[in-house]
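What follows is final00.tsv (TSV, N, CA and C atoms).
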chain	number	residue	atom	x	y	z
A	1	MET	N	66.65	64.34	58.21
A	1	MET	CA	66.17	65.67	57.91
A	1	MET	C	65.34	66.16	59.11
A	2	THR	N	65.52	67.40	59.51
A	2	THR	CA	64.80	67.95	60.65
A	2	THR	C	63.34	68.23	60.28
A	3	GLU	N	62.51	68.40	61.31
A	3	GLU	CA	61.11	68.71	61.08
A	3	GLU	C	60.97	70.02	60.28
A	4	ASP	N	61.74	71.04	60.67
A	4	ASP	CA	61.65	72.32	59.96
A	4	ASP	C	62.05	72.17	58.49
A	5	ALA	N	63.08	71.37	58.22
A	5	ALA	CA	63.51	71.16	56.84
A	5	ALA	C	62.45	70.41	56.04
A	6	LEU	N	61.82	69.42	56.67
A	6	LEU	CA	60.74	68.68	55.99
A	6	LEU	C	59.55	69.58	55.70
A	7	LEU	N	59.18	70.41	56.67
A	7	LEU	CA	58.07	71.33	56.46
A	7	LEU	C	58.38	72.31	55.34
A	8	ALA	N	59.62	72.81	55.30
A	8	ALA	CA	60.02	73.72	54.22
A	8	ALA	C	59.92	73.02	52.87
A	9	GLU	N	60.31	71.76	52.81
A	9	GLU	CA	60.23	70.97	51.58
A	9	GLU	C	58.77	70.77	51.16
A	10	ILE	N	57.90	70.50	52.12
A	10	ILE	CA	56.47	70.33	51.84
A	10	ILE	C	55.89	71.62	51.29
A	11	ILE	N	56.24	72.73	51.90
A	11	ILE	CA	55.71	74.03	51.46
A	11	ILE	C	56.25	74.38	50.07
A	12	GLU	N	57.53	74.15	49.85
A	12	GLU	CA	58.14	74.49	48.56
A	12	GLU	C	57.59	73.63	47.43
A	13	HIS	N	57.27	72.38	47.73
A	13	HIS	CA	56.76	71.44	46.71
A	13	HIS	C	55.37	70.96	47.13
A	14	SER	N	54.45	71.91	47.26
A	14	SER	CA	53.14	71.59	47.84
A	14	SER	C	52.31	70.62	47.01
A	15	ASP	N	52.62	70.46	45.73
A	15	ASP	CA	51.87	69.52	44.90
A	15	ASP	C	52.44	68.11	44.92
A	16	ASP	N	53.57	67.91	45.58
A	16	ASP	CA	54.25	66.62	45.62
A	16	ASP	C	53.97	65.92	46.96
A	17	ASP	N	53.44	64.72	46.90
A	17	ASP	CA	53.15	63.98	48.14
A	17	ASP	C	54.38	63.34	48.77
A	18	GLY	N	55.47	63.22	48.04
A	18	GLY	CA	56.68	62.58	48.57
A	18	GLY	C	57.13	63.16	49.90
A	19	PRO	N	57.38	64.46	49.98
A	19	PRO	CA	57.81	65.04	51.27
A	19	PRO	C	56.75	64.89	52.37
A	20	ARG	N	55.49	64.97	52.00
A	20	ARG	CA	54.42	64.80	52.98
A	20	ARG	C	54.47	63.40	53.60
A	21	LEU	N	54.69	62.41	52.74
A	21	LEU	CA	54.70	61.02	53.22
A	21	LEU	C	55.95	60.71	54.05
A	22	VAL	N	57.07	61.34	53.73
A	22	VAL	CA	58.27	61.19	54.57
A	22	VAL	C	57.99	61.78	55.95
A	23	TYR	N	57.38	62.96	55.97
A	23	TYR	CA	57.02	63.61	57.23
A	23	TYR	C	56.01	62.74	58.00
A	24	ALA	N	55.04	62.20	57.29
A	24	ALA	CA	54.03	61.35	57.92
A	24	ALA	C	54.68	60.13	58.57
A	25	ASP	N	55.64	59.51	57.88
A	25	ASP	CA	56.33	58.34	58.45
A	25	ASP	C	57.03	58.70	59.76
A	26	LYS	N	57.66	59.87	59.80
A	26	LYS	CA	58.33	60.30	61.04
A	26	LYS	C	57.32	60.50	62.17
A	27	LEU	N	56.16	61.07	61.83
A	27	LEU	CA	55.13	61.27	62.85
A	27	LEU	C	54.58	59.94	63.34
A	28	VAL	N	54.35	59.01	62.43
A	28	VAL	CA	53.85	57.68	62.82
A	28	VAL	C	54.85	57.01	63.75
A	29	GLU	N	56.12	57.06	63.41
A	29	GLU	CA	57.17	56.47	64.26
A	29	GLU	C	57.17	57.07	65.65
A	30	ALA	N	56.82	58.36	65.75
A	30	ALA	CA	56.79	59.05	67.04
A	30	ALA	C	55.46	58.85	67.76
A	31	GLY	N	54.53	58.12	67.14
A	31	GLY	CA	53.23	57.88	67.78
A	31	GLY	C	52.25	59.02	67.63
A	32	ASP	N	52.49	59.92	66.70
A	32	ASP	CA	51.62	61.07	66.48
A	32	ASP	C	50.54	60.69	65.45
A	33	PRO	N	49.26	60.78	65.82
A	33	PRO	CA	48.17	60.40	64.90
A	33	PRO	C	48.11	61.26	63.63
A	34	ARG	N	48.74	62.40	63.65
A	34	ARG	CA	48.74	63.25	62.46
A	34	ARG	C	49.44	62.56	61.30
A	35	GLY	N	50.42	61.72	61.58
A	35	GLY	CA	51.10	60.97	60.52
A	35	GLY	C	50.13	60.07	59.77
A	36	GLU	N	49.32	59.35	60.51
A	36	GLU	CA	48.32	58.48	59.88
A	36	GLU	C	47.34	59.32	59.07
A	37	PHE	N	46.94	60.46	59.61
A	37	PHE	CA	46.01	61.35	58.92
A	37	PHE	C	46.58	61.81	57.58
A	38	ILE	N	47.84	62.21	57.58
A	38	ILE	CA	48.50	62.63	56.33
A	38	ILE	C	48.52	61.48	55.34
A	39	GLN	N	48.90	60.29	55.79
A	39	GLN	CA	48.94	59.12	54.91
A	39	GLN	C	47.56	58.83	54.31
A	40	ILE	N	46.54	58.88	55.14
A	40	ILE	CA	45.18	58.60	54.68
A	40	ILE	C	44.72	59.63	53.67
A	41	GLN	N	44.92	60.92	53.98
A	41	GLN	CA	44.46	61.96	53.06
A	41	GLN	C	45.23	61.90	51.73
A	42	CYS	N	46.49	61.55	51.76
A	42	CYS	CA	47.25	61.40	50.52
A	42	CYS	C	46.71	60.23	49.70
A	43	ALA	N	46.37	59.14	50.37
A	43	ALA	CA	45.82	57.97	49.67
A	43	ALA	C	44.46	58.32	49.04
A	44	ILE	N	43.64	59.03	49.77
A	44	ILE	CA	42.33	59.44	49.25
A	44	ILE	C	42.50	60.38	48.06
A	45	ALA	N	43.42	61.34	48.18
A	45	ALA	CA	43.68	62.27	47.08
A	45	ALA	C	44.20	61.56	45.84
A	46	ALA	N	44.88	60.43	46.03
A	46	ALA	CA	45.40	59.65	44.91
A	46	ALA	C	44.34	58.74	44.30
A	47	GLY	N	43.13	58.75	44.88
A	47	GLY	CA	42.04	57.99	44.28
A	47	GLY	C	41.54	56.81	45.09
A	48	ASN	N	42.15	56.51	46.21
A	48	ASN	CA	41.70	55.40	47.04
A	48	ASN	C	40.43	55.82	47.79
A	49	ARG	N	39.32	55.18	47.46
A	49	ARG	CA	38.03	55.53	48.08
A	49	ARG	C	37.51	54.43	49.00
A	50	ASP	N	38.43	53.67	49.57
A	50	ASP	CA	38.06	52.62	50.51
A	50	ASP	C	37.26	53.25	51.65
A	51	VAL	N	36.10	52.67	51.94
A	51	VAL	CA	35.21	53.22	52.96
A	51	VAL	C	35.88	53.27	54.32
A	52	SER	N	36.70	52.28	54.65
A	52	SER	CA	37.36	52.28	55.96
A	52	SER	C	38.35	53.44	56.07
A	53	LEU	N	39.00	53.79	54.95
A	53	LEU	CA	39.91	54.96	54.96
A	53	LEU	C	39.12	56.24	55.17
A	54	LEU	N	38.02	56.38	54.49
A	54	LEU	CA	37.19	57.58	54.63
A	54	LEU	C	36.66	57.72	56.05
A	55	ARG	N	36.27	56.60	56.64
A	55	ARG	CA	35.78	56.64	58.03
A	55	ARG	C	36.91	57.01	59.00
A	56	ARG	N	38.07	56.43	58.78
A	56	ARG	CA	39.21	56.72	59.66
A	56	ARG	C	39.62	58.18	59.53
A	57	GLU	N	39.61	58.70	58.29
A	57	GLU	CA	39.93	60.12	58.09
A	57	GLU	C	38.98	61.00	58.91
A	58	GLN	N	37.71	60.72	58.84
A	58	GLN	CA	36.72	61.52	59.56
A	58	GLN	C	36.87	61.37	61.07
A	59	ALA	N	37.19	60.17	61.53
A	59	ALA	CA	37.39	59.95	62.97
A	59	ALA	C	38.59	60.74	63.48
A	60	LEU	N	39.69	60.70	62.74
A	60	LEU	CA	40.88	61.46	63.14
A	60	LEU	C	40.61	62.96	63.12
A	61	LEU	N	39.92	63.41	62.08
A	61	LEU	CA	39.60	64.83	61.97
A	61	LEU	C	38.69	65.28	63.11
A	62	ALA	N	37.70	64.47	63.43
A	62	ALA	CA	36.79	64.81	64.54
A	62	ALA	C	37.53	64.86	65.87
A	63	ARG	N	38.45	63.95	66.06
A	63	ARG	CA	39.14	63.88	67.34
A	63	ARG	C	40.25	64.92	67.48
A	64	TYR	N	41.02	65.17	66.41
A	64	TYR	CA	42.21	66.00	66.51
A	64	TYR	C	42.19	67.28	65.68
A	65	GLY	N	41.24	67.42	64.77
A	65	GLY	CA	41.24	68.55	63.84
A	65	GLY	C	41.34	69.91	64.51
A	66	ALA	N	40.53	70.12	65.53
A	66	ALA	CA	40.55	71.42	66.22
A	66	ALA	C	41.91	71.67	66.86
A	67	ARG	N	42.52	70.63	67.42
A	67	ARG	CA	43.84	70.78	68.04
A	67	ARG	C	44.89	71.11	66.99
A	68	TRP	N	44.83	70.45	65.82
A	68	TRP	CA	45.81	70.70	64.77
A	68	TRP	C	45.68	72.12	64.24
A	69	ILE	N	44.46	72.63	64.18
A	69	ILE	CA	44.27	74.02	63.76
A	69	ILE	C	44.85	74.96	64.81
A	70	LYS	N	44.55	74.70	66.07
A	70	LYS	CA	45.00	75.54	67.17
A	70	LYS	C	46.53	75.58	67.27
A	71	GLU	N	47.20	74.49	66.90
A	71	GLU	CA	48.66	74.42	66.96
A	71	GLU	C	49.33	75.42	66.01
A	72	LEU	N	48.59	75.93	65.04
A	72	LEU	CA	49.18	76.88	64.08
A	72	LEU	C	49.34	78.28	64.65
A	73	LYS	N	48.96	78.50	65.86
A	73	LYS	CA	49.07	79.80	66.54
A	73	LYS	C	47.73	80.51	66.52
A	74	PRO	N	47.61	81.53	67.30
A	74	PRO	CA	46.37	82.31	67.33
A	74	PRO	C	46.13	82.99	66.00
A	75	GLY	N	44.90	83.23	65.72
A	75	GLY	CA	44.55	83.93	64.49
A	75	GLY	C	43.94	83.03	63.45
A	76	VAL	N	44.26	81.73	63.48
A	76	VAL	CA	43.65	80.80	62.54
A	76	VAL	C	42.33	80.34	63.15
A	77	VAL	N	41.24	80.73	62.51
A	77	VAL	CA	39.91	80.41	63.02
A	77	VAL	C	39.50	79.01	62.59
A	78	SER	N	39.71	78.70	61.32
A	78	SER	CA	39.36	77.40	60.78
A	78	SER	C	40.14	77.20	59.48
A	79	GLY	N	39.90	76.07	58.86
A	79	GLY	CA	40.58	75.81	57.61
A	79	GLY	C	40.17	74.48	57.03
A	80	THR	N	40.69	74.19	55.85
A	80	THR	CA	40.40	72.95	55.16
A	80	THR	C	41.69	72.15	55.04
A	81	PHE	N	41.64	70.90	55.46
A	81	PHE	CA	42.80	70.03	55.35
A	81	PHE	C	42.83	69.42	53.96
A	82	CYS	N	44.00	69.39	53.38
A	82	CYS	CA	44.22	68.77	52.08
A	82	CYS	C	45.52	67.98	52.16
A	83	ARG	N	45.41	66.69	51.96
A	83	ARG	CA	46.58	65.81	52.02
A	83	ARG	C	47.35	65.99	53.33
A	84	GLY	N	46.56	66.16	54.42
A	84	GLY	CA	47.13	66.17	55.76
A	84	GLY	C	47.52	67.52	56.32
A	85	PHE	N	47.44	68.57	55.52
A	85	PHE	CA	47.85	69.90	55.97
A	85	PHE	C	46.74	70.90	55.72
A	86	LEU	N	46.68	71.90	56.59
A	86	LEU	CA	45.75	73.01	56.35
A	86	LEU	C	46.26	73.80	55.16
A	87	GLN	N	45.43	73.93	54.16
A	87	GLN	CA	45.84	74.69	52.98
A	87	GLN	C	44.97	75.92	52.76
A	88	ASP	N	43.72	75.83	53.12
A	88	ASP	CA	42.82	76.98	53.02
A	88	ASP	C	42.53	77.44	54.44
A	89	LEU	N	43.00	78.64	54.77
A	89	LEU	CA	42.87	79.16	56.13
A	89	LEU	C	41.85	80.28	56.19
A	90	HIS	N	41.13	80.33	57.29
A	90	HIS	CA	40.28	81.46	57.65
A	90	HIS	C	40.93	82.09	58.86
A	91	VAL	N	41.30	83.35	58.75
A	91	VAL	CA	42.11	83.98	59.80
A	91	VAL	C	41.55	85.34	60.22
A	92	LYS	N	41.95	85.74	61.42
A	92	LYS	CA	41.67	87.09	61.91
A	92	LYS	C	42.90	87.94	61.57
A	93	PRO	N	42.72	89.10	60.95
A	93	PRO	CA	43.87	89.84	60.43
A	93	PRO	C	44.92	90.24	61.45
A	94	ARG	N	44.55	90.81	62.57
A	94	ARG	CA	45.53	91.31	63.53
A	94	ARG	C	46.43	90.18	64.02
A	95	LYS	N	45.82	89.08	64.43
A	95	LYS	CA	46.61	87.95	64.93
A	95	LYS	C	47.37	87.26	63.80
A	96	PHE	N	46.78	87.22	62.62
A	96	PHE	CA	47.47	86.60	61.50
A	96	PHE	C	48.75	87.36	61.18
A	97	PHE	N	48.68	88.68	61.08
A	97	PHE	CA	49.88	89.47	60.79
A	97	PHE	C	50.94	89.28	61.87
A	98	ARG	N	50.53	89.17	63.11
A	98	ARG	CA	51.46	89.00	64.22
A	98	ARG	C	52.17	87.64	64.15
A	99	HIS	N	51.46	86.62	63.66
A	99	HIS	CA	52.00	85.26	63.67
A	99	HIS	C	52.18	84.68	62.26
A	100	ALA	N	52.14	85.52	61.25
A	100	ALA	CA	52.18	85.04	59.86
A	100	ALA	C	53.38	84.17	59.57
A	101	ASN	N	54.55	84.59	59.98
A	101	ASN	CA	55.75	83.81	59.66
A	101	ASN	C	55.68	82.41	60.27
A	102	SER	N	55.27	82.32	61.51
A	102	SER	CA	55.15	81.03	62.17
A	102	SER	C	54.11	80.14	61.49
A	103	ILE	N	52.97	80.72	61.15
A	103	ILE	CA	51.91	79.96	60.50
A	103	ILE	C	52.36	79.49	59.11
A	104	LEU	N	52.92	80.38	58.35
A	104	LEU	CA	53.24	80.10	56.95
A	104	LEU	C	54.48	79.25	56.76
A	105	THR	N	55.20	78.96	57.84
A	105	THR	CA	56.33	78.03	57.74
A	105	THR	C	55.97	76.65	58.28
A	106	ARG	N	54.69	76.46	58.64
A	106	ARG	CA	54.23	75.18	59.19
A	106	ARG	C	53.22	74.47	58.31
A	107	THR	N	52.68	75.17	57.32
A	107	THR	CA	51.66	74.55	56.47
A	107	THR	C	51.66	75.22	55.09
A	108	PRO	N	51.41	74.44	54.03
A	108	PRO	CA	51.43	74.99	52.67
A	108	PRO	C	50.12	75.70	52.32
A	109	VAL	N	50.03	76.96	52.63
A	109	VAL	CA	48.80	77.73	52.43
A	109	VAL	C	48.61	78.04	50.94
A	110	THR	N	47.46	77.63	50.42
A	110	THR	CA	47.12	77.95	49.03
A	110	THR	C	45.88	78.82	48.94
A	111	GLY	N	45.13	78.90	50.04
A	111	GLY	CA	43.94	79.74	50.07
A	111	GLY	C	43.86	80.47	51.40
A	112	LEU	N	43.42	81.72	51.35
A	112	LEU	CA	43.36	82.52	52.56
A	112	LEU	C	42.11	83.38	52.54
A	113	CYS	N	41.34	83.30	53.62
A	113	CYS	CA	40.17	84.13	53.82
A	113	CYS	C	40.43	84.95	55.08
A	114	VAL	N	40.49	86.26	54.94
A	114	VAL	CA	40.82	87.14	56.06
A	114	VAL	C	39.54	87.88	56.46
A	115	PHE	N	39.08	87.64	57.69
A	115	PHE	CA	37.87	88.27	58.19
A	115	PHE	C	38.13	89.71	58.61
A	116	GLY	N	37.37	90.64	58.07
A	116	GLY	CA	37.44	92.03	58.52
A	116	GLY	C	38.74	92.74	58.24
A	117	LEU	N	39.36	92.46	57.12
A	117	LEU	CA	40.63	93.11	56.78
A	117	LEU	C	40.35	94.54	56.32
A	118	ALA	N	40.98	95.50	56.99
A	118	ALA	CA	40.83	96.90	56.60
A	118	ALA	C	41.48	97.14	55.24
A	119	GLN	N	40.88	97.97	54.45
A	119	GLN	CA	41.38	98.27	53.10
A	119	GLN	C	42.86	98.66	53.11
A	120	LYS	N	43.27	99.42	54.11
A	120	LYS	CA	44.66	99.88	54.16
A	120	LYS	C	45.65	98.74	54.44
A	121	ARG	N	45.17	97.57	54.90
A	121	ARG	CA	46.06	96.44	55.21
A	121	ARG	C	46.20	95.46	54.05
A	122	VAL	N	45.40	95.62	52.99
A	122	VAL	CA	45.43	94.69	51.87
A	122	VAL	C	46.84	94.63	51.26
A	123	ALA	N	47.48	95.78	51.07
A	123	ALA	CA	48.83	95.80	50.49
A	123	ALA	C	49.82	95.05	51.37
A	124	SER	N	49.69	95.19	52.69
A	124	SER	CA	50.57	94.47	53.61
A	124	SER	C	50.40	92.97	53.47
A	125	LEU	N	49.18	92.55	53.25
A	125	LEU	CA	48.91	91.12	53.08
A	125	LEU	C	49.50	90.62	51.77
A	126	VAL	N	49.25	91.32	50.71
A	126	VAL	CA	49.73	90.91	49.39
A	126	VAL	C	51.25	90.90	49.33
A	127	ASP	N	51.91	91.74	50.11
A	127	ASP	CA	53.38	91.83	50.10
A	127	ASP	C	54.08	90.73	50.90
A	128	LEU	N	53.33	89.89	51.62
A	128	LEU	CA	53.98	88.82	52.39
A	128	LEU	C	54.59	87.81	51.41
A	129	PRO	N	55.92	87.64	51.43
A	129	PRO	CA	56.56	86.74	50.47
A	129	PRO	C	56.13	85.29	50.64
A	130	GLN	N	55.72	84.90	51.84
A	130	GLN	CA	55.31	83.52	52.08
A	130	GLN	C	54.00	83.18	51.36
A	131	LEU	N	53.30	84.19	50.89
A	131	LEU	CA	52.02	83.95	50.21
A	131	LEU	C	52.17	83.87	48.70
A	132	SER	N	53.38	83.69	48.22
A	132	SER	CA	53.60	83.63	46.77
A	132	SER	C	52.91	82.43	46.13
A	133	SER	N	52.65	81.38	46.90
A	133	SER	CA	51.98	80.20	46.35
A	133	SER	C	50.46	80.26	46.51
A	134	LEU	N	49.96	81.38	46.98
A	134	LEU	CA	48.53	81.54	47.19
A	134	LEU	C	47.77	81.43	45.87
A	135	ARG	N	46.70	80.64	45.88
A	135	ARG	CA	45.88	80.47	44.68
A	135	ARG	C	44.52	81.14	44.84
A	136	ARG	N	44.11	81.33	46.11
A	136	ARG	CA	42.81	81.95	46.39
A	136	ARG	C	42.97	82.93	47.55
A	137	LEU	N	42.37	84.10	47.40
A	137	LEU	CA	42.38	85.10	48.47
A	137	LEU	C	40.98	85.66	48.61
Reformat the file's structure so that it appears as structure tokens.
Amino acid sequence: MTEDALLAEIIEHSDDDGPRLVYADKLVEAGDPRGEFIQIQCAIAAGNRDVSLLRREQALLARYGARWIKELKPGVVSGTFCRGFLQDLHVKPRKFFRHANSILTRTPVTGLCVFGLAQKRVASLVDLPQLSSLRRL
């Protein structure tokens, strides 16, 4: 399965860790630390509170978190990782609208905070079909 197909599967089934863990295995095989991060966050979300896992999660986040956020394209200011993926995003509206499709096909967004969104743009935001799984705005 291609990376794009796996990401689409993760987004479509955002509550299922199966696709995330398949993607994580591929990243680990390629030597990408994000794979380990996904595995660790999934284990923690499943109830594993081993102190070494929590420490490793924080170490990976401290070392790579900013880079992983930046990889989503301009406009994403910050966010919260959940089970290895950014799910709650803080974005700048102009850049977000310009790169929305690219951002929303790379991570399962369930929460969105848009800084300085003009009232006239709210309808444009709500009409984005990729935001159908949004739980918080």
Problem - Backbone DSSP call of helix (DSSP H, G or I) for range 12-126 of chain A, listed as an MDAnalysis selection string - result: chainID A and resid 12 17:29 33:45 51:70 93:104 119:126
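Nearest to Cys42 in chain A of all the residues A:Ile103, A:Cys82, A:Ala5, A:Ala123 is A:Cys82, based on only N, CA and C atoms.
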Discussion item. Which residues are near range 110-112 of chain A? Cut-off 10 Å, only C-alpha atoms, ignore same chain within fewer than 5 positions. Put them as a ChimeraX atom specification.
Written reply: /A:11,14,79-80,86-91,131-137
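Residue nearest Cys113 in chain A within the list A:Pro74, A:Gly31, A:Pro93, A:Pro129: A:Pro93 [criterion: smallest interatomic distance, all atoms listed in the file].
Among the candidates A:Arg55, A:Leu7, A:Arg83, A:Val76, the residue lying nearest to Ala43 in chain A is A:Arg83 (atoms considered: all atoms listed in the file).
Proximity to Leu6 in chain A was assessed for A:Ile44, A:Ala24, A:Ala30, A:Ala118 counting only C-alpha atoms; the smallest distance is recorded for A:Ala24.
CA of Ile10 in chain A to CA of Arg106 in chain A spans 9.1 Å [interatomic distance, one decimal].
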Atom pair atom C of Leu125 in chain A + atom N of Asp15 in chain A, distance 21.3 Å
As a check of understanding: the span from atom N of Lys120 in chain A to atom N of Phe97 in chain A is 13.9 Å
Using the atoms already present, construct N, CA, C and O atoms for range 32-53 of chain A and hand them back as a PDB file, in the coordinates of the input.
ATOM      1  N   ASP A  32      52.490  59.920  66.700  1.00  0.00           N
ATOM      2  CA  ASP A  32      51.620  61.070  66.480  1.00  0.00           C
ATOM      3  C   ASP A  32      50.540  60.690  65.450  1.00  0.00           C
ATOM      4  O   ASP A  32      50.870  60.332  64.310  1.00  0.00           O
ATOM      5  N   PRO A  33      49.260  60.780  65.820  1.00  0.00           N
ATOM      6  CA  PRO A  33      48.170  60.400  64.900  1.00  0.00           C
ATOM      7  C   PRO A  33      48.110  61.260  63.630  1.00  0.00           C
ATOM      8  O   PRO A  33      47.499  60.861  62.643  1.00  0.00           O
ATOM      9  N   ARG A  34      48.740  62.400  63.650  1.00  0.00           N
ATOM     10  CA  ARG A  34      48.740  63.250  62.460  1.00  0.00           C
ATOM     11  C   ARG A  34      49.440  62.560  61.300  1.00  0.00           C
ATOM     12  O   ARG A  34      49.076  62.747  60.147  1.00  0.00           O
ATOM     13  N   GLY A  35      50.420  61.720  61.580  1.00  0.00           N
ATOM     14  CA  GLY A  35      51.100  60.970  60.520  1.00  0.00           C
ATOM     15  C   GLY A  35      50.130  60.070  59.770  1.00  0.00           C
ATOM     16  O   GLY A  35      50.126  60.039  58.533  1.00  0.00           O
ATOM     17  N   GLU A  36      49.320  59.350  60.510  1.00  0.00           N
ATOM     18  CA  GLU A  36      48.320  58.480  59.880  1.00  0.00           C
ATOM     19  C   GLU A  36      47.340  59.320  59.070  1.00  0.00           C
ATOM     20  O   GLU A  36      46.942  58.936  57.958  1.00  0.00           O
ATOM     21  N   PHE A  37      46.940  60.460  59.610  1.00  0.00           N
ATOM     22  CA  PHE A  37      46.010  61.350  58.920  1.00  0.00           C
ATOM     23  C   PHE A  37      46.580  61.810  57.580  1.00  0.00           C
ATOM     24  O   PHE A  37      45.895  61.802  56.558  1.00  0.00           O
ATOM     25  N   ILE A  38      47.840  62.210  57.580  1.00  0.00           N
ATOM     26  CA  ILE A  38      48.500  62.630  56.330  1.00  0.00           C
ATOM     27  C   ILE A  38      48.520  61.480  55.340  1.00  0.00           C
ATOM     28  O   ILE A  38      48.170  61.652  54.159  1.00  0.00           O
ATOM     29  N   GLN A  39      48.900  60.290  55.790  1.00  0.00           N
ATOM     30  CA  GLN A  39      48.940  59.120  54.910  1.00  0.00           C
ATOM     31  C   GLN A  39      47.560  58.830  54.310  1.00  0.00           C
ATOM     32  O   GLN A  39      47.441  58.583  53.102  1.00  0.00           O
ATOM     33  N   ILE A  40      46.540  58.880  55.140  1.00  0.00           N
ATOM     34  CA  ILE A  40      45.180  58.600  54.680  1.00  0.00           C
ATOM     35  C   ILE A  40      44.720  59.630  53.670  1.00  0.00           C
ATOM     36  O   ILE A  40      44.191  59.295  52.606  1.00  0.00           O
ATOM     37  N   GLN A  41      44.920  60.920  53.980  1.00  0.00           N
ATOM     38  CA  GLN A  41      44.460  61.960  53.060  1.00  0.00           C
ATOM     39  C   GLN A  41      45.230  61.900  51.730  1.00  0.00           C
ATOM     40  O   GLN A  41      44.653  62.163  50.686  1.00  0.00           O
ATOM     41  N   CYS A  42      46.490  61.550  51.760  1.00  0.00           N
ATOM     42  CA  CYS A  42      47.250  61.400  50.520  1.00  0.00           C
ATOM     43  C   CYS A  42      46.710  60.230  49.700  1.00  0.00           C
ATOM     44  O   CYS A  42      46.588  60.327  48.480  1.00  0.00           O
ATOM     45  N   ALA A  43      46.370  59.140  50.370  1.00  0.00           N
ATOM     46  CA  ALA A  43      45.820  57.970  49.670  1.00  0.00           C
ATOM     47  C   ALA A  43      44.460  58.320  49.040  1.00  0.00           C
ATOM     48  O   ALA A  43      44.194  57.952  47.892  1.00  0.00           O
ATOM     49  N   ILE A  44      43.640  59.030  49.770  1.00  0.00           N
ATOM     50  CA  ILE A  44      42.330  59.440  49.250  1.00  0.00           C
ATOM     51  C   ILE A  44      42.500  60.380  48.060  1.00  0.00           C
ATOM     52  O   ILE A  44      41.845  60.229  47.030  1.00  0.00           O
ATOM     53  N   ALA A  45      43.420  61.340  48.180  1.00  0.00           N
ATOM     54  CA  ALA A  45      43.680  62.270  47.080  1.00  0.00           C
ATOM     55  C   ALA A  45      44.200  61.560  45.840  1.00  0.00           C
ATOM     56  O   ALA A  45      43.955  61.998  44.708  1.00  0.00           O
ATOM     57  N   ALA A  46      44.880  60.430  46.030  1.00  0.00           N
ATOM     58  CA  ALA A  46      45.400  59.650  44.910  1.00  0.00           C
ATOM     59  C   ALA A  46      44.340  58.740  44.300  1.00  0.00           C
ATOM     60  O   ALA A  46      44.622  58.033  43.341  1.00  0.00           O
ATOM     61  N   GLY A  47      43.130  58.750  44.880  1.00  0.00           N
ATOM     62  CA  GLY A  47      42.040  57.990  44.280  1.00  0.00           C
ATOM     63  C   GLY A  47      41.540  56.810  45.090  1.00  0.00           C
ATOM     64  O   GLY A  47      40.576  56.158  44.686  1.00  0.00           O
ATOM     65  N   ASN A  48      42.150  56.510  46.210  1.00  0.00           N
ATOM     66  CA  ASN A  48      41.700  55.400  47.040  1.00  0.00           C
ATOM     67  C   ASN A  48      40.430  55.820  47.790  1.00  0.00           C
ATOM     68  O   ASN A  48      40.467  56.717  48.621  1.00  0.00           O
ATOM     69  N   ARG A  49      39.320  55.180  47.460  1.00  0.00           N
ATOM     70  CA  ARG A  49      38.030  55.530  48.080  1.00  0.00           C
ATOM     71  C   ARG A  49      37.510  54.430  49.000  1.00  0.00           C
ATOM     72  O   ARG A  49      36.319  54.269  49.182  1.00  0.00           O
ATOM     73  N   ASP A  50      38.430  53.670  49.570  1.00  0.00           N
ATOM     74  CA  ASP A  50      38.060  52.620  50.510  1.00  0.00           C
ATOM     75  C   ASP A  50      37.260  53.250  51.650  1.00  0.00           C
ATOM     76  O   ASP A  50      37.703  54.226  52.268  1.00  0.00           O
ATOM     77  N   VAL A  51      36.100  52.670  51.940  1.00  0.00           N
ATOM     78  CA  VAL A  51      35.210  53.220  52.960  1.00  0.00           C
ATOM     79  C   VAL A  51      35.880  53.270  54.320  1.00  0.00           C
ATOM     80  O   VAL A  51      35.690  54.227  55.080  1.00  0.00           O
ATOM     81  N   SER A  52      36.700  52.280  54.650  1.00  0.00           N
ATOM     82  CA  SER A  52      37.360  52.280  55.960  1.00  0.00           C
ATOM     83  C   SER A  52      38.350  53.440  56.070  1.00  0.00           C
ATOM     84  O   SER A  52      38.522  54.019  57.144  1.00  0.00           O
ATOM     85  N   LEU A  53      39.000  53.790  54.950  1.00  0.00           N
ATOM     86  CA  LEU A  53      39.910  54.960  54.960  1.00  0.00           C
ATOM     87  C   LEU A  53      39.120  56.240  55.170  1.00  0.00           C
ATOM     88  O   LEU A  53      39.541  57.111  55.954  1.00  0.00           O
TER      89      LEU A  53
END
